[in-house]
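Heads up, protein.cif below (mmCIF, C-alpha atoms and all ligand atoms):
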```
data_run
#
loop_
_atom_site.label_atom_id
_atom_site.label_comp_id
_atom_site.auth_asym_id
_atom_site.auth_seq_id
_atom_site.Cartn_x
_atom_site.Cartn_y
_atom_site.Cartn_z
CA MET A 30 22.05 -14.33 25.64
CA PHE A 31 22.33 -13.00 22.10
CA GLN A 32 25.50 -14.66 20.76
CA ASN A 33 23.53 -17.24 18.83
CA LEU A 34 21.21 -14.85 17.02
CA ALA A 35 20.98 -15.63 13.31
CA PRO A 36 21.87 -12.64 11.12
CA ALA A 37 18.87 -10.38 10.45
CA ALA A 38 17.12 -10.75 7.10
CA VAL A 39 17.97 -7.93 4.70
CA ASP A 40 14.96 -5.79 3.70
CA PRO A 41 15.26 -5.20 -0.06
CA ILE A 42 13.79 -1.68 0.12
CA LEU A 43 15.37 -0.38 3.32
CA SER A 44 18.80 -1.69 2.27
CA VAL A 45 18.58 0.34 -0.98
CA ALA A 46 17.65 3.43 1.09
CA GLU A 47 20.67 2.85 3.31
CA ALA A 48 23.08 2.42 0.38
CA PHE A 49 21.62 5.59 -1.18
CA ARG A 50 22.20 7.60 2.01
CA ALA A 51 25.82 6.44 2.15
CA ASP A 52 26.53 7.40 -1.51
CA PRO A 53 28.43 10.73 -1.63
CA ARG A 54 27.75 11.41 -5.35
CA PRO A 55 25.69 14.65 -5.55
CA HIS A 56 23.72 13.62 -8.66
CA LYS A 57 22.47 10.37 -7.03
CA LEU A 58 18.84 9.40 -7.69
CA ASP A 59 16.67 7.32 -5.32
CA LEU A 60 13.84 5.41 -7.01
CA GLY A 61 13.68 2.92 -4.17
CA VAL A 62 11.75 3.86 -1.08
CA GLY A 63 7.98 4.29 -1.62
CA VAL A 64 7.30 7.88 -0.66
CA TYR A 65 5.75 10.66 -2.73
CA ARG A 66 8.08 13.55 -3.60
CA ASP A 67 7.10 16.86 -5.17
CA ALA A 68 8.88 18.37 -8.19
CA ASN A 69 11.60 19.69 -5.82
CA GLY A 70 12.28 16.28 -4.33
CA ASN A 71 10.53 16.98 -0.99
CA THR A 72 7.94 14.84 0.81
CA PRO A 73 5.84 17.70 2.16
CA VAL A 74 3.44 17.80 5.08
CA MET A 75 0.08 18.24 3.31
CA THR A 76 -1.55 21.62 3.99
CA ALA A 77 -4.79 20.02 5.18
CA VAL A 78 -2.72 18.00 7.68
CA ARG A 79 -0.85 21.10 8.85
CA TYR A 80 -4.11 23.02 9.42
CA ALA A 81 -5.61 20.12 11.37
CA GLU A 82 -2.42 19.81 13.43
CA GLN A 83 -2.48 23.54 14.26
CA GLN A 84 -6.09 23.26 15.35
CA LEU A 85 -5.29 20.15 17.37
CA ALA A 86 -2.39 21.87 19.14
CA GLN A 87 -4.80 24.62 20.24
CA THR A 88 -7.69 22.43 21.33
CA GLN A 89 -6.37 19.09 22.62
CA THR A 90 -6.85 18.93 26.38
CA SER A 91 -5.35 15.53 27.22
CA LYS A 92 -2.82 12.95 26.11
CA SER A 93 -4.40 10.26 28.25
CA TYR A 94 -4.73 6.73 26.81
CA VAL A 95 -7.28 5.95 24.15
CA GLY A 96 -8.92 2.47 24.02
CA LEU A 97 -7.47 -0.71 22.50
CA GLY A 98 -9.33 0.01 19.26
CA GLY A 99 -7.73 3.45 18.95
CA ASN A 100 -9.59 6.55 17.82
CA MET A 101 -13.26 5.64 17.25
CA ARG A 102 -14.03 8.74 15.17
CA PHE A 103 -11.12 7.82 12.89
CA SER A 104 -12.48 4.29 12.49
CA ARG A 105 -15.89 5.62 11.54
CA VAL A 106 -14.69 8.13 8.94
CA VAL A 107 -12.24 5.75 7.29
CA THR A 108 -14.86 3.00 7.12
CA GLN A 109 -16.96 5.44 5.10
CA LEU A 110 -13.95 6.33 2.94
CA ILE A 111 -13.07 2.70 2.22
CA LEU A 112 -16.45 0.95 2.06
CA GLY A 113 -18.64 3.92 1.12
CA ASN A 114 -20.73 3.40 4.29
CA ALA A 115 -19.84 4.54 7.83
CA GLU A 116 -21.77 1.71 9.51
CA PRO A 117 -21.85 -1.26 7.13
CA THR A 118 -23.54 -4.42 8.41
CA GLY A 119 -21.23 -7.09 9.80
CA TRP A 120 -18.07 -4.99 9.71
CA PHE A 121 -15.76 -4.08 12.56
CA THR A 122 -13.04 -1.46 12.12
CA MET A 123 -10.14 -0.74 14.43
CA GLN A 124 -7.28 1.69 14.18
CA THR A 125 -3.83 0.09 13.85
CA PRO A 126 -0.21 1.31 13.81
CA GLY A 127 -0.12 1.78 10.02
CA ALA A 128 -1.24 -0.83 7.52
CA SER A 129 1.83 -2.83 8.58
CA GLY A 130 0.43 -3.14 12.11
CA GLY A 131 -2.95 -4.03 10.59
CA LEU A 132 -1.40 -6.73 8.39
CA ARG A 133 0.23 -8.35 11.41
CA LEU A 134 -2.90 -8.05 13.54
CA LEU A 135 -5.06 -9.69 10.87
CA ALA A 136 -2.40 -12.34 10.22
CA ASP A 137 -2.54 -13.16 13.94
CA LEU A 138 -6.35 -13.28 13.74
CA ILE A 139 -6.20 -15.77 10.84
CA ALA A 140 -3.61 -17.86 12.72
CA ALA A 141 -5.80 -17.86 15.84
CA SER A 142 -8.87 -19.11 14.00
CA ARG A 143 -7.41 -21.18 11.10
CA PRO A 144 -3.76 -22.05 11.91
CA ASN A 145 -3.40 -24.26 8.83
CA ALA A 146 -4.51 -21.50 6.44
CA THR A 147 -2.42 -20.62 3.40
CA VAL A 148 -2.13 -16.95 2.48
CA TRP A 149 -1.82 -16.45 -1.28
CA ILE A 150 0.13 -13.38 -2.35
CA SER A 151 0.72 -12.01 -5.83
CA ASP A 152 3.91 -12.75 -7.75
CA PRO A 153 5.47 -10.24 -7.27
CA SER A 154 4.04 -8.57 -4.16
CA TYR A 155 4.82 -5.94 -1.55
CA VAL A 156 8.10 -7.08 0.02
CA ASN A 157 6.70 -7.21 3.54
CA HIS A 158 3.58 -9.30 2.82
CA ALA A 159 5.25 -12.73 3.02
CA PRO A 160 7.48 -11.91 6.06
CA ILE A 161 4.51 -10.58 8.07
CA MET A 162 2.30 -13.58 7.25
CA ARG A 163 5.12 -16.02 8.03
CA ALA A 164 5.92 -14.23 11.30
CA ALA A 165 2.35 -15.03 12.38
CA GLY A 166 3.04 -18.70 11.63
CA LEU A 167 1.02 -18.83 8.42
CA ARG A 168 1.90 -20.68 5.24
CA VAL A 169 2.50 -18.42 2.23
CA ALA A 170 2.10 -19.33 -1.44
CA SER A 171 2.04 -17.11 -4.52
CA TYR A 172 -0.34 -16.73 -7.44
CA PRO A 173 0.69 -15.56 -10.95
CA TYR A 174 0.12 -11.86 -11.44
CA LEU A 175 2.58 -9.77 -13.45
CA ASP A 176 3.69 -10.58 -16.98
CA VAL A 177 7.07 -8.80 -16.87
CA ALA A 178 7.57 -8.81 -20.64
CA SER A 179 4.29 -7.05 -21.49
CA GLY A 180 3.88 -5.13 -18.23
CA GLY A 181 0.33 -6.50 -17.94
CA LEU A 182 -1.72 -8.95 -15.86
CA ARG A 183 -1.36 -12.72 -16.35
CA ARG A 184 -5.15 -12.85 -16.31
CA GLU A 185 -5.72 -16.45 -17.35
CA ALA A 186 -3.07 -17.86 -15.00
CA PHE A 187 -4.31 -15.62 -12.18
CA PHE A 188 -7.90 -16.85 -12.41
CA GLU A 189 -6.74 -20.44 -12.86
CA ALA A 190 -4.88 -20.16 -9.52
CA VAL A 191 -7.86 -18.51 -7.80
CA ALA A 192 -10.14 -21.28 -9.11
CA GLY A 193 -8.12 -23.75 -7.01
CA LEU A 194 -8.70 -21.92 -3.70
CA GLY A 195 -11.02 -23.20 -0.98
CA GLN A 196 -11.96 -22.71 2.66
CA ASP A 197 -8.42 -22.94 4.06
CA ASP A 198 -7.12 -20.29 1.68
CA VAL A 199 -6.75 -16.55 2.10
CA LEU A 200 -6.42 -14.47 -1.08
CA LEU A 201 -4.38 -11.32 -0.38
CA LEU A 202 -5.08 -8.69 -3.05
CA HIS A 203 -3.97 -5.09 -3.55
CA GLY A 204 -7.01 -2.78 -3.56
CA CYS A 205 -5.41 -0.45 -6.12
CA CYS A 206 -2.00 0.76 -7.35
CA HIS A 207 -0.37 -2.66 -7.03
CA ASN A 208 2.99 -2.55 -5.29
CA PRO A 209 5.45 -3.22 -6.96
CA SER A 210 4.01 -3.59 -10.47
CA GLY A 211 1.42 -0.79 -10.92
CA VAL A 212 -0.79 -3.40 -12.67
CA ASP A 213 -4.33 -3.30 -11.27
CA LEU A 214 -7.30 -5.62 -11.64
CA GLU A 215 -10.07 -4.26 -13.90
CA ILE A 216 -13.58 -3.89 -12.51
CA ASP A 217 -14.64 -7.01 -14.49
CA ASP A 218 -11.88 -8.96 -12.74
CA TRP A 219 -13.20 -7.86 -9.33
CA GLN A 220 -16.69 -8.91 -10.47
CA GLN A 221 -15.38 -12.33 -11.43
CA LEU A 222 -13.61 -12.66 -8.06
CA ALA A 223 -16.88 -11.68 -6.36
CA SER A 224 -18.71 -14.58 -7.99
CA MET A 225 -15.85 -17.00 -7.26
CA VAL A 226 -15.67 -16.07 -3.57
CA SER A 227 -19.28 -16.95 -2.91
CA GLN A 228 -18.91 -20.32 -4.68
CA GLN A 229 -15.52 -21.37 -3.30
CA GLY A 230 -15.48 -19.90 0.21
CA PHE A 231 -11.89 -18.64 0.32
CA LEU A 232 -11.24 -15.56 2.47
CA PRO A 233 -10.54 -12.32 0.56
CA PHE A 234 -8.01 -9.99 2.21
CA VAL A 235 -7.51 -6.59 0.55
CA ASP A 236 -4.57 -4.28 1.24
CA LEU A 237 -5.52 -0.68 0.42
CA ALA A 238 -2.42 1.50 0.81
CA TYR A 239 -2.75 3.94 -2.12
CA GLN A 240 -6.42 4.96 -2.35
CA GLY A 241 -6.66 8.04 -4.57
CA PHE A 242 -3.30 7.56 -6.29
CA GLY A 243 -4.81 5.58 -9.18
CA ASP A 244 -8.02 7.03 -10.64
CA GLY A 245 -9.57 8.72 -7.57
CA LEU A 246 -10.75 7.92 -4.05
CA GLU A 247 -14.06 6.34 -5.13
CA GLN A 248 -12.77 4.63 -8.26
CA ASP A 249 -9.83 3.06 -6.39
CA ALA A 250 -12.18 1.45 -3.84
CA ALA A 251 -14.76 0.23 -6.36
CA GLY A 252 -13.34 -3.30 -6.80
CA LEU A 253 -12.91 -3.81 -3.06
CA ARG A 254 -16.54 -2.72 -2.50
CA LEU A 255 -17.83 -5.18 -5.11
CA LEU A 256 -15.98 -7.97 -3.37
CA ALA A 257 -17.21 -6.79 0.05
CA ASP A 258 -20.84 -7.03 -1.11
CA ALA A 259 -20.32 -10.60 -2.29
CA SER A 260 -18.34 -11.90 0.69
CA GLU A 261 -19.72 -13.16 3.98
CA GLU A 262 -16.27 -12.79 5.52
CA MET A 263 -13.52 -10.46 4.41
CA LEU A 264 -10.41 -8.66 5.71
CA VAL A 265 -9.12 -5.21 4.74
CA VAL A 266 -6.05 -3.26 5.83
CA TYR A 267 -5.79 0.40 5.06
CA SER A 268 -2.97 2.96 5.25
CA CYS A 269 -2.94 6.75 5.71
CA SER A 270 0.82 6.88 5.02
CA LYS A 271 0.53 7.80 1.36
CA HIS A 272 -2.76 9.58 0.71
CA PHE A 273 -2.49 11.75 3.84
CA GLY A 274 1.34 11.79 3.75
CA LEU A 275 1.33 10.60 7.38
CA TYR A 276 4.09 8.00 6.93
CA ARG A 277 5.84 8.43 10.29
CA GLU A 278 2.64 8.90 12.29
CA ARG A 279 1.85 5.18 11.77
CA THR A 280 -1.83 5.60 10.96
CA GLY A 281 -3.92 2.80 9.50
CA ALA A 282 -6.83 0.47 10.12
CA ALA A 283 -7.91 -3.17 10.05
CA LEU A 284 -11.45 -4.03 8.95
CA VAL A 285 -13.13 -7.40 9.39
CA LYS A 286 -16.45 -8.57 7.98
CA SER A 287 -17.90 -11.60 9.74
CA ALA A 288 -21.08 -13.03 11.23
CA GLY A 289 -19.46 -13.03 14.71
CA SER A 290 -18.36 -9.42 14.83
CA LYS A 291 -18.31 -9.21 18.68
CA GLN A 292 -16.12 -12.32 18.94
CA VAL A 293 -13.74 -10.95 16.32
CA GLN A 294 -13.54 -7.62 18.14
CA GLY A 295 -12.70 -9.37 21.43
CA LYS A 296 -9.93 -11.42 19.79
CA LEU A 297 -8.47 -8.39 17.99
CA PHE A 298 -8.36 -6.45 21.26
CA GLU A 299 -6.62 -9.37 22.97
CA LEU A 300 -4.06 -9.59 20.16
CA ALA A 301 -3.43 -5.83 20.25
CA ARG A 302 -3.18 -5.80 24.06
CA ARG A 303 -0.37 -8.31 24.12
CA SER A 304 1.71 -6.61 21.42
CA TYR A 305 1.48 -2.79 21.01
CA THR A 306 -1.69 -2.32 23.15
CA MET A 307 -2.83 0.95 21.57
CA PRO A 308 -2.04 2.64 18.28
CA PRO A 309 -0.60 6.19 18.25
CA ASP A 310 -3.40 8.75 18.22
CA HIS A 311 -1.95 11.84 16.55
CA GLY A 312 -2.31 10.85 12.89
CA ALA A 313 -5.73 9.28 13.47
CA GLU A 314 -7.05 12.41 15.16
CA VAL A 315 -5.72 14.54 12.29
CA VAL A 316 -7.45 12.32 9.71
CA ALA A 317 -10.72 12.41 11.68
CA MET A 318 -10.53 16.21 11.87
CA ILE A 319 -9.88 16.53 8.13
CA ILE A 320 -12.73 14.25 7.08
CA GLU A 321 -15.18 15.79 9.57
CA SER A 322 -14.49 19.27 8.15
CA ALA A 323 -15.91 20.02 4.67
CA GLU A 324 -13.28 22.72 4.21
CA LEU A 325 -10.29 20.53 5.14
CA THR A 326 -11.71 17.62 3.11
CA ALA A 327 -11.91 19.84 0.01
CA LEU A 328 -8.32 20.96 0.57
CA TRP A 329 -7.13 17.38 1.07
CA HIS A 330 -8.95 16.27 -2.12
CA SER A 331 -7.27 19.01 -4.12
CA GLU A 332 -3.82 18.12 -2.75
CA LEU A 333 -4.36 14.43 -3.44
CA TYR A 334 -5.54 15.28 -6.97
CA ALA A 335 -2.32 17.27 -7.56
CA MET A 336 -0.18 14.34 -6.34
CA ARG A 337 -2.04 11.89 -8.59
CA GLN A 338 -1.66 14.22 -11.58
CA ARG A 339 2.06 14.63 -10.96
CA VAL A 340 2.64 10.88 -10.86
CA GLN A 341 0.53 10.30 -13.98
CA SER A 342 2.36 13.01 -15.87
CA THR A 343 5.74 11.55 -14.77
CA ARG A 344 4.62 8.18 -16.18
CA HIS A 345 3.93 9.73 -19.59
CA GLN A 346 7.14 11.77 -19.61
CA LEU A 347 9.30 8.75 -18.71
CA ALA A 348 7.61 6.58 -21.36
CA ASP A 349 8.26 9.34 -23.94
CA ALA A 350 11.88 9.80 -22.85
CA LEU A 351 12.54 6.04 -23.00
CA SER A 352 10.94 5.88 -26.43
CA THR A 353 13.13 8.79 -27.64
CA ASN A 354 16.14 6.73 -26.51
CA GLY A 355 14.86 3.68 -28.39
CA MET A 356 13.08 1.70 -25.64
CA GLU A 357 9.33 1.09 -25.90
CA ALA A 358 7.67 1.52 -22.48
CA GLU A 359 4.08 2.46 -23.34
CA TYR A 360 2.93 0.10 -20.54
CA LEU A 361 4.10 2.70 -17.98
CA CYS A 362 1.16 4.89 -19.03
CA HIS A 363 -1.37 2.16 -18.21
CA HIS A 364 -0.02 1.38 -14.75
CA LYS A 365 -1.56 2.93 -11.63
CA GLY A 366 -0.07 4.55 -8.57
CA MET A 367 3.49 5.19 -7.52
CA PHE A 368 5.24 2.09 -8.85
CA SER A 369 6.07 0.20 -12.01
CA MET A 370 8.54 -2.56 -12.72
CA LEU A 371 11.10 -2.20 -15.47
CA PRO A 372 12.33 -5.44 -17.04
CA LEU A 373 15.87 -5.00 -15.62
CA SER A 374 18.28 -7.79 -14.72
CA GLU A 375 20.08 -7.72 -11.37
CA ALA A 376 23.30 -6.93 -13.30
CA SER A 377 21.63 -3.90 -14.95
CA ILE A 378 20.34 -2.66 -11.58
CA ALA A 379 23.89 -2.94 -10.20
CA ARG A 380 25.34 -1.06 -13.22
CA LEU A 381 22.77 1.71 -12.83
CA ARG A 382 23.82 2.04 -9.18
CA ASP A 383 27.59 1.82 -9.73
CA ASP A 384 27.93 3.83 -12.96
CA ALA A 385 25.05 6.33 -12.72
CA ALA A 386 24.20 6.53 -8.96
CA ILE A 387 20.62 5.45 -9.77
CA TYR A 388 19.08 3.33 -7.01
CA ILE A 389 16.39 0.81 -7.96
CA VAL A 390 14.99 -1.99 -5.76
CA ALA A 391 15.95 -5.59 -6.71
CA GLY A 392 13.39 -6.90 -9.19
CA GLY A 393 13.23 -3.56 -11.06
CA ARG A 394 10.62 -1.62 -9.09
CA ILE A 395 10.84 2.13 -9.63
CA ASN A 396 8.99 4.76 -7.63
CA LEU A 397 7.71 7.25 -10.20
CA ALA A 398 6.45 9.46 -7.39
CA GLY A 399 10.07 9.93 -6.33
CA LEU A 400 11.23 11.19 -9.73
CA ALA A 401 11.75 14.95 -10.27
CA PRO A 402 10.87 16.26 -13.77
CA ASN A 403 14.43 17.46 -14.40
CA LYS A 404 15.80 13.92 -13.80
CA ILE A 405 13.58 12.11 -16.30
CA ASP A 406 15.79 12.46 -19.38
CA THR A 407 18.95 11.48 -17.47
CA LEU A 408 17.20 8.41 -16.09
CA ALA A 409 15.85 7.31 -19.48
CA GLU A 410 19.24 7.73 -21.13
CA ALA A 411 21.01 5.78 -18.33
CA ILE A 412 18.46 2.94 -18.42
CA VAL A 413 18.85 2.47 -22.15
CA ARG A 414 22.67 2.76 -21.99
CA LEU A 415 23.24 0.50 -18.96
CA ALA A 416 20.39 -1.96 -19.07
CA ALA A 417 21.39 -3.79 -22.21
C1 LIG A 501 0.92 -2.59 -0.34
C2 LIG A 501 1.37 -1.99 0.95
N1 LIG A 501 0.81 -2.39 2.10
C3 LIG A 501 1.17 -1.88 3.28
C4 LIG A 501 2.16 -0.92 3.37
C5 LIG A 501 2.55 -0.39 4.73
O1 LIG A 501 1.96 0.84 4.99
P1 LIG A 501 2.09 1.57 6.40
O2 LIG A 501 3.09 2.67 6.22
O3 LIG A 501 0.72 2.12 6.66
O4 LIG A 501 2.50 0.58 7.40
C6 LIG A 501 2.77 -0.45 2.21
C7 LIG A 501 3.83 0.54 2.29
O5 LIG A 501 4.63 0.74 1.43
C8 LIG A 501 2.37 -1.01 0.97
O6 LIG A 501 2.93 -0.62 -0.18
#
```

Could you quickly redo this structure as structure tokens?
Amino acid sequence: MFQNLAPAAVDPILSVAEAFRADPRPHKLDLGVGVYRDANGNTPVMTAVRYAEQQLAQTQTSKSYVGLGGNMRFSRVVTQLILGNAEPTGWFTMQTPGASGGLRLLADLIAASRPNATVWISDPSYVNHAPIMRAAGLRVASYPYLDVASGGLRREAFFEAVAGLGQDDVLLLHGCCHNPSGVDLEIDDWQQLASMVSQQGFLPFVDLAYQGFGDGLEQDAAGLRLLADASEEMLVVYSCSKHFGLYRERTGAALVKSAGSKQVQGKLFELARRSYTMPPDHGAEVVAMIIESAELTALWHSELYAMRQRVQSTRHQLADALSTNGMEAEYLCHHKGMFSMLPLSEASIARLRDDAAIYIVAGGRINLAGLAPNKIDTLAEAIVRLAA
């Protein structure tokens, strides 16, 4: 049966994680996989999550199935968190197995209603965007985004590409903390997109995986909300992996704005039923409990604030350390969220791995949230020495 299987595609992030695990050198440094680590290199269970889990362990009376849409209380509270309104007109929210599950579900929805649609993703983009869209049978094209040399947005080229989009096009954007570049759209850019969407009729699709890691929970959703107000139809996927630290609990949501909300809901349920059927409940219940409790919400906010501060401070420290070693990297201080891209060639990335046990994803993405303070100087020195 399986002799003729083509070799599996290599995932650029997971393959770095694997090579890192296999490296016996004790001083090795992993800047690849996108998880937050504290100053001691741990990815902790957040205290608000632990409290909610303890409470849940005491009070949960059943593990019976939930519905196809998952945990309804979760959907309600995260709709409020994302859109600033728990019951916005025309929107339907359903819980999904992480944002990844949501991306695939919404890709299947697009394919079911507009099979000849093209999904436009940023250049560069999250490594799994194109594979997920293609797996649903959709065409993928890319729009200019990052100017590697300056570490900024290719604004003119970006808007020129968006100006060419029409009714068969889906524009996939990162809500905040762009992965892999850290370069975000300004609020004026979102405003401009909002006026273009109503004139051109393309479908905006926003991936919100790092809310609260940029400037704050509200600030990081502001652009998405502007676009939501201007769009008759819109898609959003959302992840609890990073800002609740619930990575392995596979907790996320898909949101759809449309005039035919009931029809969309029916189709989404059908699509879910024939793949995973129901999303896992644990993480969603924990999130609902945290947001429904003023005390746990305050605790979660303070923990998220501390994570954001740590990443921002790491950005400044790395820029300073690189500058001390003779490399200007001021742009790192303007980027948002966990990632930035260093202008490194594939040969430099290989040298950093082979000579200094420093693991960086192909393309030069580094996870600043994975960098301990006592490793910053070593990293800066190695980059300048080996990246020439
Ligand atoms: C932009 C983006 N979207 C989606 C995801 C997937 O998130 P989840 O863990 O919720 O599937 C990630 C994870 O790294 C991401 O960076």

Tell me, in Å to one decimal, how far CA of Ala398 (chain A) is from CA of Arg66 (chain A). 5.8 Å

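Nearest residue to Arg337 (chain A) among A:Leu85, A:Cys269, A:Leu222, A:Met367 is A:Met367, counting all atoms listed in the file.
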
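If you look at CA of Ser104 (chain A) and CA of Phe121 (chain A), they are 9.0 Å away from each other.
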
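For the pair atom C1 of ligand LIG 501 (chain A) and CA of Val62 (chain A), the separation is 12.6 Å.
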
Six-sided padding of 6 Å per side, axis-aligned box over region 62-74 of chain A, centre and edges in Å, one decimal, as JSON:
```
{"center_x": 7.9, "center_y": 11.8, "center_z": -1.6, "size_x": 20.8, "size_y": 27.8, "size_z": 25.3}
```

Pick from A:Ala141, A:Ile389, A:Leu112, A:Met336 nearest to Ser44 (chain A), counting all atoms listed in the file: A:Ile389

Ligand LIG 501 (chain A): which residues are within 10 Å, counting all atoms listed in the file, as a ChimeraX atom specification? /A:42,62-64,125-132,154-158,202-209,235-239,266-271,274-282,367-368

For region 71-84 of chain A, work out the shell of residues within 8 Å, counting all atoms listed in the file and skipping chain neighbours fewer than 6 positions away, then give it as a PDB file with C-alpha atoms, in the coordinates of the input.
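Now in out_32.pdb:
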```pdb
ATOM      1  CA  VAL A  64       7.300   7.880  -0.660  1.00  0.00           C
ATOM      2  CA  TYR A  65       5.750  10.660  -2.730  1.00  0.00           C
ATOM      3  CA  PHE A 273      -2.490  11.750   3.840  1.00  0.00           C
ATOM      4  CA  GLY A 274       1.340  11.790   3.750  1.00  0.00           C
ATOM      5  CA  LEU A 275       1.330  10.600   7.380  1.00  0.00           C
ATOM      6  CA  VAL A 315      -5.720  14.540  12.290  1.00  0.00           C
ATOM      7  CA  VAL A 316      -7.450  12.320   9.710  1.00  0.00           C
ATOM      8  CA  MET A 318     -10.530  16.210  11.870  1.00  0.00           C
ATOM      9  CA  ILE A 319      -9.880  16.530   8.130  1.00  0.00           C
ATOM     10  CA  LEU A 325     -10.290  20.530   5.140  1.00  0.00           C
ATOM     11  CA  THR A 326     -11.710  17.620   3.110  1.00  0.00           C
ATOM     12  CA  LEU A 328      -8.320  20.960   0.570  1.00  0.00           C
ATOM     13  CA  TRP A 329      -7.130  17.380   1.070  1.00  0.00           C
ATOM     14  CA  GLU A 332      -3.820  18.120  -2.750  1.00  0.00           C
TER      15      GLU A 332
END
```

Give me the residues within 8 Å of region 369-371 of chain A as JSON, numbers by chain, counting only C-alpha atoms and dropping any in the same chain fewer than 5 places off. {"A": [177, 180, 208, 209, 210, 211, 212, 361, 364, 392, 393, 394, 395, 396, 397]}

Next, write the just-selected residues to a file, as a PDB file, in the coordinates of the input, keeping C-alpha atoms as the atom set.
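Written file, part00.pdb:
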```pdb
ATOM      1  CA  VAL A 177       7.070  -8.800 -16.870  1.00  0.00           C
ATOM      2  CA  GLY A 180       3.880  -5.130 -18.230  1.00  0.00           C
ATOM      3  CA  ASN A 208       2.990  -2.550  -5.290  1.00  0.00           C
ATOM      4  CA  PRO A 209       5.450  -3.220  -6.960  1.00  0.00           C
ATOM      5  CA  SER A 210       4.010  -3.590 -10.470  1.00  0.00           C
ATOM      6  CA  GLY A 211       1.420  -0.790 -10.920  1.00  0.00           C
ATOM      7  CA  VAL A 212      -0.790  -3.400 -12.670  1.00  0.00           C
ATOM      8  CA  LEU A 361       4.100   2.700 -17.980  1.00  0.00           C
ATOM      9  CA  HIS A 364      -0.020   1.380 -14.750  1.00  0.00           C
ATOM     10  CA  GLY A 392      13.390  -6.900  -9.190  1.00  0.00           C
ATOM     11  CA  GLY A 393      13.230  -3.560 -11.060  1.00  0.00           C
ATOM     12  CA  ARG A 394      10.620  -1.620  -9.090  1.00  0.00           C
ATOM     13  CA  ILE A 395      10.840   2.130  -9.630  1.00  0.00           C
ATOM     14  CA  ASN A 396       8.990   4.760  -7.630  1.00  0.00           C
ATOM     15  CA  LEU A 397       7.710   7.250 -10.200  1.00  0.00           C
TER      16      LEU A 397
END
```

Take the point (-4.2, 12.2, -6.8) in the file's coordinates, draw a sphere of radius 9 Å around it, and report as a ChimeraX atom specification every protein, DNA or RNA residue with an atom inside or on it, counting only C-alpha atoms. /A:240-246,272,330-341,366

Selection file, C-alpha atoms, as a short mmCIF file (atom, residue, chain, number, x, y, z; two decimals), keeping the file's coordinate frame:
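Output below, filename result.cif:
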```
data_model
loop_
_atom_site.label_atom_id
_atom_site.label_comp_id
_atom_site.auth_asym_id
_atom_site.auth_seq_id
_atom_site.Cartn_x
_atom_site.Cartn_y
_atom_site.Cartn_z
CA GLN A 240 -6.42 4.96 -2.35
CA GLY A 241 -6.66 8.04 -4.57
CA PHE A 242 -3.30 7.56 -6.29
CA GLY A 243 -4.81 5.58 -9.18
CA ASP A 244 -8.02 7.03 -10.64
CA GLY A 245 -9.57 8.72 -7.57
CA LEU A 246 -10.75 7.92 -4.05
CA HIS A 272 -2.76 9.58 0.71
CA HIS A 330 -8.95 16.27 -2.12
CA SER A 331 -7.27 19.01 -4.12
CA GLU A 332 -3.82 18.12 -2.75
CA LEU A 333 -4.36 14.43 -3.44
CA TYR A 334 -5.54 15.28 -6.97
CA ALA A 335 -2.32 17.27 -7.56
CA MET A 336 -0.18 14.34 -6.34
CA ARG A 337 -2.04 11.89 -8.59
CA GLN A 338 -1.66 14.22 -11.58
CA ARG A 339 2.06 14.63 -10.96
CA VAL A 340 2.64 10.88 -10.86
CA GLN A 341 0.53 10.30 -13.98
CA GLY A 366 -0.07 4.55 -8.57
#
```

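Considering the residues A:Ala323, A:Leu200, A:Ile387, A:Ala358 and counting only C-alpha atoms, Leu415 (chain A) has its shortest atom-to-atom contact with A:Ile387.
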